[in-house]
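Student: Okay, so here is work-v5.txt, and as you'll see once you scroll down, it has compact mmCIF, C-alpha atoms and all ligand atoms.
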```txt
# COMPACT_ATOMS: atom_id res chain seq x y z
CA MET A 179 2.94 -9.12 25.53
CA VAL A 180 0.83 -6.04 26.22
CA LYS A 181 2.64 -2.96 25.00
CA PRO A 182 2.93 0.20 27.11
CA THR A 183 0.57 2.91 25.89
CA VAL A 184 1.69 6.46 25.15
CA GLY A 185 -0.10 9.75 24.55
CA PHE A 186 1.03 13.20 23.42
CA PHE A 187 -0.64 16.37 24.67
CA GLU A 188 -0.11 20.08 24.19
CA PHE A 189 -0.93 23.29 26.03
CA SER A 190 0.23 26.84 25.17
CA CYS A 191 3.15 26.35 22.81
CA CYS A 192 4.20 26.03 19.17
CA GLU A 193 4.09 22.19 19.29
CA GLY A 194 7.69 22.14 18.07
CA CYS A 195 8.72 19.58 20.68
CA LYS A 196 6.28 17.04 19.25
CA LEU A 197 7.73 17.79 15.81
CA ALA A 198 11.21 17.11 17.22
CA VAL A 199 9.95 13.65 18.18
CA LEU A 200 8.37 13.04 14.76
CA GLU A 201 11.64 14.14 13.12
CA LEU A 202 13.43 11.20 14.74
CA GLU A 203 12.18 9.23 11.72
CA GLU A 204 14.09 5.90 11.77
CA GLU A 205 14.35 5.82 15.56
CA ILE A 206 10.65 6.56 15.94
CA LEU A 207 9.85 3.39 13.96
CA GLY A 208 11.78 1.39 16.54
CA ILE A 209 9.81 3.02 19.36
CA LEU A 210 6.52 2.37 17.56
CA SER A 211 7.28 -1.36 17.60
CA LEU A 212 7.54 -1.24 21.40
CA VAL A 213 4.62 1.01 22.36
CA ASP A 214 1.07 1.79 21.28
CA ILE A 215 0.38 5.48 20.73
CA VAL A 216 -3.17 5.92 22.00
CA GLU A 217 -3.61 9.69 21.87
CA GLY A 218 -2.01 12.51 19.89
CA ARG A 219 -3.73 15.37 18.10
CA GLU A 220 -1.61 15.21 14.93
CA ILE A 221 -1.73 11.43 14.83
CA MET A 222 -5.24 10.27 15.66
CA ASP A 223 -8.72 11.28 16.84
CA ASP A 224 -9.06 8.62 19.54
CA ARG A 225 -9.32 9.49 23.22
CA ALA A 226 -7.77 6.96 25.59
CA GLU A 227 -9.09 6.32 29.13
CA HIS A 228 -5.71 5.28 30.54
CA MET A 229 -2.11 5.25 29.36
CA THR A 230 1.32 4.34 30.66
CA VAL A 231 3.14 7.53 29.69
CA ALA A 232 1.80 10.98 28.80
CA PHE A 233 4.26 13.32 27.08
CA VAL A 234 3.03 16.87 27.61
CA GLU A 235 4.37 20.02 25.94
CA GLY A 236 3.36 23.62 26.49
CA SER A 237 2.97 25.84 29.51
CA ILE A 238 -0.17 26.77 31.43
CA THR A 239 -1.18 30.31 30.49
CA ARG A 240 -4.99 30.13 30.79
CA SER A 241 -7.13 29.02 33.72
CA SER A 242 -9.14 26.78 31.36
CA GLU A 243 -6.01 24.65 30.80
CA ILE A 244 -5.67 23.61 34.44
CA PRO A 245 -8.57 21.08 34.65
CA ARG A 246 -7.49 19.48 31.37
CA LEU A 247 -3.94 19.04 32.69
CA LYS A 248 -5.26 17.51 35.90
CA ALA A 249 -7.45 15.11 33.90
CA ILE A 250 -4.39 13.99 31.89
CA ARG A 251 -2.49 13.44 35.14
CA GLU A 252 -5.29 11.22 36.44
CA LYS A 253 -5.25 8.91 33.43
CA CYS A 254 -1.50 8.32 33.07
CA ALA A 255 0.96 6.37 35.20
CA VAL A 256 3.93 8.56 34.22
CA LEU A 257 3.76 12.19 33.14
CA VAL A 258 6.75 13.60 31.25
CA ALA A 259 6.94 17.36 30.67
CA ILE A 260 8.72 18.02 27.38
CA GLY A 261 10.31 21.29 26.33
CA ALA A 262 11.04 24.70 27.76
CA CYS A 263 7.36 25.73 27.84
CA ALA A 264 6.35 22.73 29.96
CA THR A 265 9.40 22.69 32.25
CA ILE A 266 10.37 26.35 32.82
CA GLY A 267 7.46 28.29 31.31
CA GLY A 268 9.54 29.07 28.21
CA ILE A 269 9.16 32.25 26.22
CA ASN A 270 5.48 32.35 27.23
CA ALA A 271 6.63 33.47 30.68
CA ILE A 272 7.89 36.79 29.28
CA LYS A 273 4.31 37.99 29.71
CA ASN A 274 4.61 37.56 33.49
CA GLN A 275 6.40 40.91 33.56
CA TYR A 276 3.11 42.60 32.76
CA THR A 277 -0.30 42.72 34.39
CA GLU A 278 -2.99 40.44 33.02
CA GLU A 279 -4.98 43.49 31.94
CA ASP A 280 -1.97 44.85 30.00
CA VAL A 281 -1.55 41.45 28.31
CA ARG A 282 -5.21 41.40 27.25
CA GLN A 283 -5.01 44.96 25.94
CA TYR A 284 -1.81 44.27 24.00
CA VAL A 285 -3.17 41.16 22.27
CA TYR A 286 -6.82 42.07 21.71
CA ARG A 287 -6.86 45.89 21.80
CA ASP A 288 -10.50 46.90 21.75
CA LYS A 289 -11.79 43.53 20.44
CA GLY A 290 -13.23 42.08 23.61
CA HIS A 291 -9.99 41.95 25.56
CA TYR A 292 -11.87 42.11 28.87
CA TRP A 293 -13.02 38.48 28.61
CA ALA A 294 -9.78 36.88 27.36
CA ASP A 295 -8.60 34.07 29.64
CA THR A 296 -5.00 34.76 30.66
CA ILE A 297 -3.10 33.99 33.87
CA PRO A 298 0.62 34.19 34.71
CA THR A 299 2.52 31.51 32.80
CA ARG A 300 3.50 28.44 34.80
CA PRO A 301 5.26 25.16 33.97
CA LEU A 302 3.31 21.93 34.45
CA ARG A 303 4.84 21.08 37.84
CA GLU A 304 3.04 24.06 39.39
CA TYR A 305 -0.28 22.24 38.98
CA VAL A 306 0.39 18.48 38.84
CA LYS A 307 3.05 15.95 39.83
CA VAL A 308 5.57 15.67 37.00
CA ASP A 309 7.67 12.50 36.93
CA LEU A 310 10.32 13.65 34.46
CA GLU A 311 11.26 16.92 32.78
CA LEU A 312 13.02 17.02 29.40
CA TYR A 313 14.41 20.46 28.67
CA GLY A 314 15.09 22.57 25.57
CA CYS A 315 13.31 24.57 22.89
CA PRO A 316 12.76 22.21 21.24
CA ILE A 317 13.73 19.09 23.19
CA ASN A 318 16.81 17.16 22.16
CA GLY A 319 15.82 14.06 20.17
CA ARG A 320 18.64 11.93 21.56
CA GLU A 321 17.70 12.84 25.11
CA PHE A 322 14.07 11.95 24.36
CA LEU A 323 15.12 8.53 23.04
CA GLU A 324 17.31 7.88 26.09
CA ALA A 325 14.42 8.81 28.39
CA VAL A 326 11.94 6.58 26.53
CA THR A 327 14.40 3.69 26.57
CA ALA A 328 14.92 4.10 30.31
CA LEU A 329 11.17 4.28 31.00
CA LEU A 330 10.50 1.18 28.89
CA THR A 331 13.21 -0.79 30.68
CA GLY A 332 12.19 0.23 34.17
CA GLN A 333 15.17 2.49 34.79
CA THR A 334 15.23 6.05 36.08
CA PRO A 335 16.04 8.43 33.21
CA ARG A 336 19.05 10.63 33.95
CA VAL A 337 18.92 14.30 33.07
CA LYS A 338 22.08 16.39 33.08
CA ASP A 339 22.48 19.06 35.75
CA TYR A 340 25.84 20.65 35.00
CA PRO A 341 26.71 23.74 32.93
CA LEU A 342 26.62 23.86 29.18
CA CYS A 343 30.26 25.01 29.17
CA VAL A 344 31.29 21.42 29.98
CA GLU A 345 29.80 20.15 26.72
CA CYS A 346 31.13 23.18 24.86
CA LYS A 347 34.68 22.44 26.08
CA LEU A 348 34.33 18.78 25.12
CA LYS A 349 33.51 20.05 21.62
CA GLU A 350 36.81 21.99 21.73
CA ASN A 351 35.01 25.21 20.82
CA VAL A 352 36.71 28.56 21.28
CA CYS A 353 34.63 30.35 23.90
CA LEU A 354 32.39 33.00 22.36
CA PHE A 355 33.53 35.51 24.99
CA HIS A 356 36.94 35.41 23.24
CA LYS A 357 35.16 36.44 20.04
CA GLY A 358 33.35 39.41 21.55
CA GLN A 359 30.04 37.59 21.98
CA PHE A 360 27.97 36.93 25.09
CA CYS A 361 26.76 33.54 26.25
CA LEU A 362 24.77 32.09 29.17
CA GLY A 363 26.65 28.75 29.07
CA PRO A 364 28.13 28.85 32.61
CA VAL A 365 24.71 28.86 34.29
CA VAL A 366 22.60 26.89 31.76
CA ARG A 367 21.85 23.17 31.93
CA ALA A 368 23.81 20.98 29.49
CA GLY A 369 22.24 18.26 27.35
CA CYS A 370 22.00 19.80 23.88
CA ASP A 371 25.65 19.10 23.01
CA ALA A 372 26.26 22.88 23.15
CA ILE A 373 24.72 23.13 19.72
CA CYS A 374 24.41 26.93 19.61
CA PRO A 375 28.00 27.83 20.59
CA THR A 376 29.24 25.04 18.32
CA LEU A 377 27.45 26.77 15.43
CA GLY A 378 28.74 30.20 16.51
CA ASP A 379 25.62 31.44 18.32
CA ALA A 380 25.33 32.37 21.97
CA CYS A 381 23.43 30.12 24.33
CA GLU A 382 20.17 31.85 25.27
CA GLY A 383 19.31 29.42 28.02
CA CYS A 384 16.47 27.39 26.52
CA ARG A 385 17.27 24.44 28.80
CA GLY A 386 16.95 26.57 31.91
CA LEU A 387 19.37 27.13 34.75
CA ILE A 388 21.31 24.37 36.50
CA SER A 389 20.19 23.60 40.07
CA GLU A 390 22.77 25.80 41.78
CA PRO A 391 23.92 28.42 39.27
CA ASN A 392 26.22 31.23 40.37
CA VAL A 393 24.05 33.71 38.54
CA ASN A 394 25.48 36.85 40.03
CA ALA A 395 29.03 35.82 39.15
CA HIS A 396 27.93 35.43 35.54
CA VAL A 397 26.06 38.72 35.62
CA GLY A 398 29.39 40.25 36.68
CA THR A 399 31.18 38.54 33.78
CA LEU A 400 28.61 39.80 31.28
CA ALA A 401 28.91 43.32 32.69
CA GLU A 402 32.73 43.16 32.59
CA HIS A 403 32.52 42.28 28.90
CA GLY A 404 30.41 45.35 28.26
CA LEU A 405 26.80 44.16 28.32
CA THR A 406 24.42 46.75 29.73
CA ALA A 407 22.10 46.07 32.66
CA GLU A 408 19.14 46.17 30.29
CA ASP A 409 20.68 43.64 27.91
CA ILE A 410 21.64 41.33 30.76
CA LEU A 411 18.07 41.41 32.00
CA LYS A 412 16.74 40.65 28.51
CA ARG A 413 19.02 37.63 28.15
CA PHE A 414 17.86 36.15 31.44
CA THR A 415 14.23 36.99 30.66
CA MET A 416 13.85 35.31 27.28
CA TYR A 417 13.65 31.79 28.69
CA GLY A 418 14.29 32.47 32.35
CA ASN A 419 11.50 34.76 33.45
CA TYR A 420 9.55 32.10 35.34
CA VAL A 421 12.68 30.61 36.93
CA ARG A 422 13.70 34.05 38.12
CA GLU A 423 10.31 34.32 39.86
CA GLU A 424 10.47 30.76 41.20
CA ARG A 425 13.95 31.07 42.69
CA LYS A 426 13.58 34.74 43.61
CA LEU A 427 16.78 35.57 41.73
CA ASP A 428 18.08 39.09 42.00
CA LEU A 429 20.00 39.16 38.77
CA ILE A 430 21.78 42.44 38.59
CA PRO A 431 23.71 43.37 41.69
CA PRO A 432 24.71 47.03 41.29
CA GLU A 433 28.30 46.30 42.37
CA ALA A 434 28.73 44.03 39.33
CA LEU A 435 27.61 46.76 36.97
CA ARG A 436 29.71 49.52 38.46
CA ARG A 437 32.97 47.83 37.45
S1 LIG B 501 9.66 24.41 24.10
FE1 LIG B 501 9.96 25.59 22.21
S2 LIG B 501 9.73 24.11 20.54
FE2 LIG B 501 8.84 23.21 22.40
S3 LIG B 501 6.69 23.72 22.31
FE3 LIG B 501 7.69 25.31 23.55
S4 LIG B 501 8.17 26.95 22.05
FE4 LIG B 501 7.73 25.10 20.86
S1 LIG B 502 30.85 29.70 24.35
FE1 LIG B 502 29.33 29.72 26.00
S2 LIG B 502 29.06 27.55 26.51
FE2 LIG B 502 30.95 27.70 25.35
S3 LIG B 502 32.54 27.89 26.92
FE3 LIG B 502 31.97 29.96 26.29
S4 LIG B 502 30.41 30.57 27.79
FE4 LIG B 502 30.60 28.35 27.91
S1 LIG B 503 23.02 26.04 23.48
FE1 LIG B 503 21.65 27.03 24.94
S2 LIG B 503 20.04 28.00 23.68
FE2 LIG B 503 21.15 26.51 22.38
S3 LIG B 503 19.95 24.62 22.53
FE3 LIG B 503 21.56 24.51 24.10
S4 LIG B 503 20.62 25.35 25.98
FE4 LIG B 503 19.33 25.95 24.25
```
Would you kindly transcribe this structure into structure tokens?
Ligand code: SF4
Ligand code: SF4
Ligand code: SF4
Tutor:
Amino acid sequence: MVKPTVGFFEFSCCEGCKLAVLELEEEILGILSLVDIVEGREIMDDRAEHMTVAFVEGSITRSSEIPRLKAIREKCAVLVAIGACATIGGINAIKNQYTEEDVRQYVYRDKGHYWADTIPTRPLREYVKVDLELYGCPINGREFLEAVTALLTGQTPRVKDYPLCVECKLKENVCLFHKGQFCLGPVVRAGCDAICPTLGDACEGCRGLISEPNVNAHVGTLAEHGLTAEDILKRFTMYGNYVREERKLDLIPPEALRR
């Protein structure tokens, strides 16, 4: 039987999502018996002409990345965007608050900043058709395995689209708001098993917003608990800057902050 072929690709990112896959260790050996990996910078030098599935991490932050992404799209049957960078722009999208000239100046100062290639950060779906998005910074290994299993068996992978608070409650955690902390759980997509609140840290929204979040209601909650307008904006900007642009979200209604 001819095995499906798989490639891994990266754009602007830390490549931590690929590491999350490699860290699956025992499970990855099972996958390797079912597929042939035909391209992957850390794994091999080969360049494949065609492949069944391309897993792509990283966001598009330079114009020179666009033709390469389109070429990958042309040679794969299924393109899966993996990680916050590839699906929601990730922390790279923080730079979208500034002009391109300011970004060049900040990074390169007087060392040739005028020629540096930089454009507003975008997730992959802005430039090519994406068949599946796996969220998180980094992605969740279990979710990756479930998606691969579904793809290999001809099923449609299912990605969660309900708030993180659901998973947090299933874990029987005491809500961080009762401990004087702030959390984005009510508007953030579940799927990570609420790992941060379970370990005592606030959710910072690395999996992005659910499809229909009541953002302004949560802005009101954060303000009621004492978070300043500036801090609220920072929390929604860390991973959510692109999504705020995309959905034209007005995050801080003055009436919420006057309470
Ligand atoms: S989503 Fe996070 S872990 Fe993955 S590549 Fe981007 S910065 Fe790295
Ligand atoms: S800690 Fe965060 S995720 Fe958990 S219930 Fe509270 S707001 Fe929701
Ligand atoms: S709890 Fe929030 S910040 Fe932590 S991994 Fe899950 S979505 Fe990301």
Student: Could you give me, as a PyMOL selection string, every polymer residue with an atom at most 9 Å away from an atom of ligand LIG 502 (chain B), counting all atoms listed in the file?
Tutor: chain A and resi 341-347+349-356+359-366+368+372+374-376+378-381
Student: I'd like the neighbourhood of A:Ala262 as a short mmCIF file (atom, residue, chain, number, x, y, z; two decimals) with C-alpha atoms, in the coordinates of the input, where a residue qualifies if any of its atoms comes within 7 Å (using only C-alpha atoms), though same-chain residues fewer than 4 positions away should be ignored.
Tutor:
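Writing done, so here's around.cif:
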```
data_model
loop_
_atom_site.label_atom_id
_atom_site.label_comp_id
_atom_site.auth_asym_id
_atom_site.auth_seq_id
_atom_site.Cartn_x
_atom_site.Cartn_y
_atom_site.Cartn_z
CA ILE A 266 10.37 26.35 32.82
CA GLY A 267 7.46 28.29 31.31
CA GLY A 268 9.54 29.07 28.21
CA TYR A 313 14.41 20.46 28.67
CA GLY A 314 15.09 22.57 25.57
CA CYS A 315 13.31 24.57 22.89
CA CYS A 384 16.47 27.39 26.52
CA ARG A 385 17.27 24.44 28.80
#
```
Student: Residues of chain A that have any atom at most 6 Å from an atom of ligand LIG 501 (chain B): could you tabulate them with the shortest-distance atom pair and the distance in Å to one decimal, using all atoms listed in the file, ordered by chain and increasing number, as a Markdown table?
Tutor:
```
| residue | atom | partner | partner_atom | distance |
| --- | --- | --- | --- | --- |
| A:Cys191 | CA | B:LIG501 | S3 | 4.4 |
| A:Cys192 | CA | B:LIG501 | FE4 | 4.0 |
| A:Glu193 | CA | B:LIG501 | S3 | 4.3 |
| A:Gly194 | CA | B:LIG501 | S2 | 3.8 |
| A:Cys195 | CA | B:LIG501 | FE2 | 4.0 |
| A:Glu235 | CA | B:LIG501 | S3 | 5.7 |
| A:Gly236 | CA | B:LIG501 | S3 | 5.3 |
| A:Gly261 | CA | B:LIG501 | S1 | 3.9 |
| A:Ala262 | CA | B:LIG501 | S1 | 3.9 |
| A:Cys263 | CA | B:LIG501 | FE3 | 4.3 |
| A:Gly314 | CA | B:LIG501 | S1 | 5.9 |
| A:Cys315 | CA | B:LIG501 | FE1 | 3.6 |
| A:Pro316 | CA | B:LIG501 | S2 | 3.6 |
```
Student: Please, what distance in Å, to one decimal, runs between atom CA of A:Gly398 and atom CA of A:Leu427?
Tutor: 14.4 Å
Student: Would you kindly identify which residues have an atom no farther than 12 Å from (-4.4, 42.6, 31.5), using only C-alpha atoms and the file's own coordinates, and write them out as an MDAnalysis selection string?
Tutor: chainID A and resid 273:287 290:298
Student: Identify which of the residues A:Arg425, A:Lys338, A:Lys412, A:Arg367 lies closest to ligand LIG 503 (chain B), counting all atoms listed in the file when measuring atom-to-atom distances.
Tutor: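 Among the listed residues, the smallest separation from ligand LIG 503 (chain B) belongs to A:Arg367.
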Student: Would you compute the box with edges along x, y and z of the file around ligand LIG 503 (chain B), including every atom the file lists for it and 4 Å extra on each side, and give its centre and edge lengths in Å to one decimal, as lines of an AutoDock Vina configuration file?
Tutor:
```
center_x = 21.2
center_y = 26.3
center_z = 24.2
size_x = 11.7
size_y = 11.5
size_z = 11.6
```
Student: If I take atom CA of A:Gly369 and atom CA of A:Leu202, how far is one from the other in Å, to one decimal?
Tutor: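 These atoms are spaced 16.9 Å apart.
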Student: With distances taken over only C-alpha atoms, which residue among A:Cys370, A:Ile209, A:Ile410, A:Leu257 lies nearest A:Tyr340?
Tutor: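 Under the stated criterion, the closest residue is A:Cys370.
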Student: So that I can see what lies close to A:Gly208, please list as a PyMOL selection string the residues with an atom at most 12 Å from it, counting only C-alpha atoms and leaving out residues fewer than 4 positions away in the same chain.
Tutor: chain A and resi 202-204+212-214+323+326-327
Student: Counting only C-alpha atoms, which residue out of A:Val421, A:Ala271, A:Val199, A:Ala401 sits closest to A:Ile388?
Tutor: A:Val421
